[in-house]
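Data first, discussion second: the structure below is written as structure tokens.
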Amino acid sequence: MIERKEYLEKLKNFKDKDLIKVITGIRRCGKSTLFDLFINYLKEMGISDEQIIKINLEDVDYNFKDYKELYDYINKKIDSKQQYYVFIDEVQNVPLFQKAVDSLYIKKNVDVYITGSNAYLLSGELATLLSGRYVEIKMLPLSFKEYLSAFTDKTKSNYEYFLDYMRNGGMPGNILIIKDSPNDLDMYLEGIFTTVVYKDIITRNNITDKMLLESILRFIFDSIGSPISTKKISDTLTSKGMSTSNHTVENYILAFIDSFLIYKAERFDVKGKNLLVRDYKYYVVDQGLRSYLLGKKADSDMGHILENIVYLELLRRGYKVYVGKVDDLEVDFVAENRSGLKYYQVALTVRDEKVLERELKSLQRTGDHYPKYLLTLDMDLEADYDGITKINVIDWLLKYE
């Protein structure tokens with residue numbers, strides 16, 4: 001198992017706190033493995049097997065027809081004499097699961113951990129019922145640092161591994177396949193893609209037109225890092241003979257976001273310090289899934305793939321991430337946390353002076369003193385341009401926080 005240290009530390013920090021621990025993220029990104037890692041930690045701390053109750057609701061052995069059966073099954077394993085740790089994987093598979101979770105939560109000697117593969121988990125009744133009583137840990141596929149840690153033999157350079165990561169993505173299950181049978185990678189990714197599309201999107205949202213769904217998703221995957229509108233998607237598909245409406249496209253996009261397949265980056269007016277309400281950008285949760293859906297076409301826009309990787313890394317590091325607008329120019333990312341803002345510009349290379357000048361221009365116009373970075377694949381030494389720090393993106397991924 002690849003140690004997901006950042007996520008594991010979060011679980012350790014929240015252990016025995018009076019909160020339900022909710023781990024969300026796309027299927028197969030490592031949520032169940034995180035449970036296993038944390039359970040190993042509990043056992044090292046002296047917690048016995050009988051104090052740990054783990055249920056994976058994707059497993060046919062646990063076929064509960066409703067929340068009451070789920071609750072009764074767990075409650076029978078609990079007495080009042082010791083502390084218990086309850087782990088429920090893919091909890092959304094049980095109707096009205098929130099009632100079982102709440103009933104377990106109110107027991108003073110039960111520490112509850114749940115996972116889910118759809119943002120629905122924290123919407124509607126659950127959010128109302130458990131308001132203020134849960135903490136969400138948002139999980140993503142492997143970072144490049146985690147991906148690289150799996151290749152202990154280091155038969156290639158970090159740069160070569162990074163090119164593989166740009167193409168294959170960071171789903172944890174990729175690693176064994178890449179090592180043992182790389183030709184089967186598409187088959188594995190197809191399984192993830194199909195499960196997400198059918199279980200978390202089509203079935204949950206009662207979608208009947210699979211061809212339209214895939215066409216919209218293909219459009220978004222092909223347009224990562226570019227501003228797009230629902231009207232643009234609708235008009236493009238209609239021109240190809242696939243009649244749809246802005247409203248339908250918008251509903252499909254919301255379903256993609258809810259299943260953690262894509263992420264929406266809103267636009268931020270840097271000088272006005274406010275959000276803008278049109279032409280969002282979208283980024284895909286995993287480059288491997290994008291490569292599976294688009295085929296060879298996926299490799300044709302390395303600049304936007306690099307941008308996508310930086311976007312996800314900023315999310316991992318706990319930032320809210322926006323696309324910046326400065327007058328008529330754009331800053332690739334405005335990253336915000338409690339400490340303030342950071343600005344990031346991303347480019348494959350800035351060896352050409354005109355390209356360097358263009359990439360620096362928007363950062364120079366922000367009119368404030370927040371940290372500014374230019375991330376590239378150039379192997380040059382770190383440089384400074386009047387307060388703008390240029391860093392090799394691989395170094396940034398591996399060495400900078």
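In the structure tokens, chains take letters A, B, ... by order of appearance, with residues numbered from 1 within each chain and ligands from 1 in the order shown.
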Write down as a PyMOL selection string the residues of range 100-297 of chain A whose backbone DSSP state falls under alpha helix (DSSP H). chain A and resi 100-105+124-129+144-149+158-168+174-180+185-195+210-222+230-239+246-258+287-294
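Shell of range 353-362 of chain A at 6 Å, with only C-alpha atoms counted and residues fewer than 2 places along the chain excluded, is Leu329, Val331, Val350, Gln364 and Arg365 of chain A.
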So that I can see what lies close to Asp49 in chain A, please list as a VMD selection string the residues with an atom at most 10 Å from it, counting only C-alpha atoms and leaving out residues fewer than 3 positions away in the same chain. chain A and resid 39 42 to 43 46 52 to 53 84 to 85
Residues of range 254-368 of chain A that have any atom at most 12 Å from an atom of range 230-245 of chain A: could you tabulate them with the shortest-distance atom pair and the distance in Å to one decimal, using only C-alpha atoms, ordered by chain and increasing number, as a tab-separated table?
```
residue	atom	partner	partner_atom	distance
A:Leu254	CA	A:Thr230	CA	11.2
A:Arg278	CA	A:Thr230	CA	9.7
A:Asp279	CA	A:Thr230	CA	8.6
A:Tyr280	CA	A:Thr230	CA	9.6
A:Lys281	CA	A:Thr230	CA	11.3
A:Tyr282	CA	A:Thr230	CA	11.7
```
Could you save the residues just selected, with all heavy atoms, as an mmCIF file, in the first residue's frame?
```cif
data_model
loop_
_atom_site.group_PDB
_atom_site.id
_atom_site.type_symbol
_atom_site.label_atom_id
_atom_site.label_comp_id
_atom_site.auth_asym_id
_atom_site.auth_seq_id
_atom_site.Cartn_x
_atom_site.Cartn_y
_atom_site.Cartn_z
ATOM 1 N N LEU A 254 -23.270 19.284 -13.664
ATOM 2 C CA LEU A 254 -23.442 19.163 -12.212
ATOM 3 C C LEU A 254 -23.301 17.710 -11.759
ATOM 4 O O LEU A 254 -22.713 17.436 -10.702
ATOM 5 C CB LEU A 254 -24.820 19.708 -11.800
ATOM 6 C CG LEU A 254 -24.979 21.230 -11.826
ATOM 7 C CD1 LEU A 254 -26.429 21.621 -11.542
ATOM 8 C CD2 LEU A 254 -24.044 21.899 -10.820
ATOM 9 N N ARG A 278 -19.194 33.802 -15.167
ATOM 10 C CA ARG A 278 -19.368 33.166 -16.474
ATOM 11 C C ARG A 278 -18.037 32.600 -16.970
ATOM 12 O O ARG A 278 -16.979 32.927 -16.464
ATOM 13 C CB ARG A 278 -19.923 34.162 -17.500
ATOM 14 C CG ARG A 278 -19.030 35.335 -17.799
ATOM 15 C CD ARG A 278 -19.668 36.307 -18.784
ATOM 16 N NE ARG A 278 -18.783 37.410 -19.091
ATOM 17 C CZ ARG A 278 -17.836 37.388 -20.018
ATOM 18 N NH1 ARG A 278 -17.650 36.293 -20.731
ATOM 19 N NH2 ARG A 278 -17.078 38.440 -20.243
ATOM 20 N N ASP A 279 -18.143 31.749 -17.982
ATOM 21 C CA ASP A 279 -16.973 31.151 -18.631
ATOM 22 C C ASP A 279 -15.995 30.515 -17.636
ATOM 23 O O ASP A 279 -14.849 30.913 -17.509
ATOM 24 C CB ASP A 279 -16.243 32.199 -19.484
ATOM 25 C CG ASP A 279 -17.074 32.666 -20.660
ATOM 26 O OD1 ASP A 279 -18.035 31.964 -21.004
ATOM 27 O OD2 ASP A 279 -16.767 33.717 -21.225
ATOM 28 N N TYR A 280 -16.521 29.514 -16.924
ATOM 29 C CA TYR A 280 -15.684 28.794 -15.979
ATOM 30 C C TYR A 280 -14.692 27.900 -16.729
ATOM 31 O O TYR A 280 -14.845 27.619 -17.907
ATOM 32 C CB TYR A 280 -16.557 27.920 -15.072
ATOM 33 C CG TYR A 280 -17.662 28.673 -14.381
ATOM 34 C CD1 TYR A 280 -18.992 28.371 -14.643
ATOM 35 C CD2 TYR A 280 -17.378 29.684 -13.473
ATOM 36 C CE1 TYR A 280 -20.023 29.061 -14.013
ATOM 37 C CE2 TYR A 280 -18.402 30.382 -12.834
ATOM 38 C CZ TYR A 280 -19.716 30.075 -13.117
ATOM 39 O OH TYR A 280 -20.727 30.766 -12.498
ATOM 40 N N LYS A 281 -13.687 27.439 -15.981
ATOM 41 C CA LYS A 281 -12.795 26.409 -16.508
ATOM 42 C C LYS A 281 -13.067 25.118 -15.749
ATOM 43 O O LYS A 281 -13.480 25.139 -14.586
ATOM 44 C CB LYS A 281 -11.330 26.815 -16.354
ATOM 45 C CG LYS A 281 -10.891 27.934 -17.286
ATOM 46 C CD LYS A 281 -9.387 28.133 -17.214
ATOM 47 C CE LYS A 281 -8.912 29.184 -18.206
ATOM 48 N NZ LYS A 281 -7.444 29.314 -18.224
ATOM 49 N N TYR A 282 -12.815 24.008 -16.422
ATOM 50 C CA TYR A 282 -13.020 22.705 -15.799
ATOM 51 C C TYR A 282 -11.733 21.892 -15.889
ATOM 52 O O TYR A 282 -10.985 21.985 -16.870
ATOM 53 C CB TYR A 282 -14.163 21.952 -16.479
ATOM 54 C CG TYR A 282 -15.492 22.655 -16.326
ATOM 55 C CD1 TYR A 282 -15.944 23.555 -17.286
ATOM 56 C CD2 TYR A 282 -16.288 22.438 -15.198
ATOM 57 C CE1 TYR A 282 -17.157 24.221 -17.139
ATOM 58 C CE2 TYR A 282 -17.504 23.100 -15.043
ATOM 59 C CZ TYR A 282 -17.927 23.989 -16.019
ATOM 60 O OH TYR A 282 -19.120 24.646 -15.858
#
```
The residue from A:Leu397, A:Ile202, A:Ile106, A:Leu34 with the smallest atom-to-atom distance to Val310 in chain A, counting only C-alpha atoms, is A:Leu397
Worksheet entry | Residue list (strand (DSSP E or B), DSSP) for range 88-226 of chain A, as a PyMOL selection string | chain A and resi 88-89+110-116+134-138
Selected residues written out, all heavy atoms, as a short mmCIF file (atom, residue, chain, number, x, y, z; two decimals), in the first residue's frame:
```
data_model
loop_
_atom_site.label_atom_id
_atom_site.label_comp_id
_atom_site.auth_asym_id
_atom_site.auth_seq_id
_atom_site.Cartn_x
_atom_site.Cartn_y
_atom_site.Cartn_z
N ILE A 88 -17.53 2.76 7.58
CA ILE A 88 -18.54 2.35 6.60
C ILE A 88 -18.13 2.91 5.24
O ILE A 88 -18.11 4.13 5.03
CB ILE A 88 -19.95 2.85 6.96
CG1 ILE A 88 -20.29 2.49 8.41
CG2 ILE A 88 -20.98 2.27 6.00
CD1 ILE A 88 -21.61 3.08 8.90
N ASP A 89 -17.80 2.01 4.31
CA ASP A 89 -17.36 2.37 2.96
C ASP A 89 -18.56 2.49 2.02
O ASP A 89 -19.44 1.62 2.02
CB ASP A 89 -16.43 1.27 2.42
CG ASP A 89 -15.07 1.82 2.06
OD1 ASP A 89 -14.97 3.02 1.79
OD2 ASP A 89 -14.11 1.03 2.05
N VAL A 110 -18.52 5.59 20.43
CA VAL A 110 -18.37 5.20 19.02
C VAL A 110 -17.77 6.35 18.22
O VAL A 110 -18.28 7.48 18.26
CB VAL A 110 -19.74 4.79 18.42
CG1 VAL A 110 -19.59 4.48 16.93
CG2 VAL A 110 -20.31 3.58 19.15
N ASP A 111 -16.69 6.05 17.52
CA ASP A 111 -16.04 7.02 16.64
C ASP A 111 -16.35 6.59 15.20
O ASP A 111 -16.00 5.47 14.79
CB ASP A 111 -14.53 7.00 16.90
CG ASP A 111 -13.82 8.24 16.36
OD1 ASP A 111 -14.51 9.23 16.03
OD2 ASP A 111 -12.58 8.22 16.29
N VAL A 112 -17.03 7.44 14.43
CA VAL A 112 -17.60 7.04 13.14
C VAL A 112 -16.80 7.63 11.97
O VAL A 112 -16.52 8.84 11.94
CB VAL A 112 -19.07 7.48 13.02
CG1 VAL A 112 -19.66 6.99 11.69
CG2 VAL A 112 -19.89 6.93 14.19
N TYR A 113 -16.51 6.76 11.00
CA TYR A 113 -15.80 7.16 9.77
C TYR A 113 -16.59 6.61 8.58
O TYR A 113 -16.94 5.43 8.56
CB TYR A 113 -14.39 6.55 9.75
CG TYR A 113 -13.52 6.97 10.92
CD1 TYR A 113 -13.71 6.41 12.19
CD2 TYR A 113 -12.54 7.93 10.76
CE1 TYR A 113 -12.93 6.79 13.26
CE2 TYR A 113 -11.74 8.33 11.84
CZ TYR A 113 -11.94 7.75 13.08
OH TYR A 113 -11.16 8.15 14.15
N ILE A 114 -16.88 7.46 7.61
CA ILE A 114 -17.62 7.00 6.43
C ILE A 114 -16.96 7.51 5.16
O ILE A 114 -16.25 8.52 5.17
CB ILE A 114 -19.11 7.44 6.46
CG1 ILE A 114 -19.23 8.97 6.42
CG2 ILE A 114 -19.81 6.88 7.69
CD1 ILE A 114 -20.69 9.46 6.38
N THR A 115 -17.18 6.79 4.04
CA THR A 115 -16.71 7.28 2.74
C THR A 115 -17.89 7.32 1.78
O THR A 115 -18.90 6.62 1.95
CB THR A 115 -15.63 6.38 2.12
OG1 THR A 115 -16.25 5.20 1.57
CG2 THR A 115 -14.56 6.00 3.10
N GLY A 116 -17.73 8.13 0.74
CA GLY A 116 -18.73 8.18 -0.32
C GLY A 116 -18.11 8.68 -1.61
O GLY A 116 -17.12 9.42 -1.60
N TYR A 134 -19.69 17.08 11.48
CA TYR A 134 -18.82 16.24 10.66
C TYR A 134 -17.68 17.08 10.09
O TYR A 134 -17.77 18.30 10.00
CB TYR A 134 -19.59 15.56 9.52
CG TYR A 134 -20.09 16.50 8.44
CD1 TYR A 134 -19.26 16.87 7.38
CD2 TYR A 134 -21.39 17.01 8.46
CE1 TYR A 134 -19.71 17.72 6.39
CE2 TYR A 134 -21.84 17.86 7.47
CZ TYR A 134 -21.00 18.21 6.44
OH TYR A 134 -21.43 19.05 5.45
N VAL A 135 -16.62 16.39 9.72
CA VAL A 135 -15.52 17.03 9.02
C VAL A 135 -15.31 16.25 7.72
O VAL A 135 -15.32 15.02 7.72
CB VAL A 135 -14.23 17.05 9.88
CG1 VAL A 135 -13.78 15.64 10.26
CG2 VAL A 135 -13.11 17.78 9.15
N GLU A 136 -15.16 16.96 6.61
CA GLU A 136 -14.98 16.31 5.31
C GLU A 136 -13.51 16.31 4.93
O GLU A 136 -12.84 17.35 4.96
CB GLU A 136 -15.79 17.03 4.23
CG GLU A 136 -15.66 16.37 2.86
CD GLU A 136 -16.35 17.15 1.75
OE1 GLU A 136 -16.81 18.28 2.01
OE2 GLU A 136 -16.42 16.62 0.62
N ILE A 137 -13.01 15.15 4.59
CA ILE A 137 -11.65 15.01 4.06
C ILE A 137 -11.77 14.69 2.57
O ILE A 137 -12.29 13.63 2.21
CB ILE A 137 -10.87 13.91 4.80
CG1 ILE A 137 -10.73 14.30 6.28
CG2 ILE A 137 -9.50 13.69 4.17
CD1 ILE A 137 -10.17 13.20 7.16
N LYS A 138 -11.37 15.62 1.74
CA LYS A 138 -11.56 15.48 0.29
C LYS A 138 -10.34 14.77 -0.30
O LYS A 138 -9.25 15.30 -0.29
CB LYS A 138 -11.75 16.85 -0.35
CG LYS A 138 -12.96 17.59 0.19
CD LYS A 138 -13.06 19.00 -0.37
CE LYS A 138 -14.24 19.74 0.22
NZ LYS A 138 -14.35 21.13 -0.29
#
```
Taken to one decimal, the CA of Asn118 in chain A-CA of Asn40 in chain A distance is 26.3 Å
In terms of only C-alpha atoms, the residue from A:Val334, A:Leu19, A:Leu289, A:Leu348 at minimal distance from Pro141 in chain A is A:Leu289
One residue among A:His369, A:Arg4, A:Lys81, A:Arg27 is nearest to Leu189 in chain A when using only C-alpha atoms, and that residue is A:Arg27
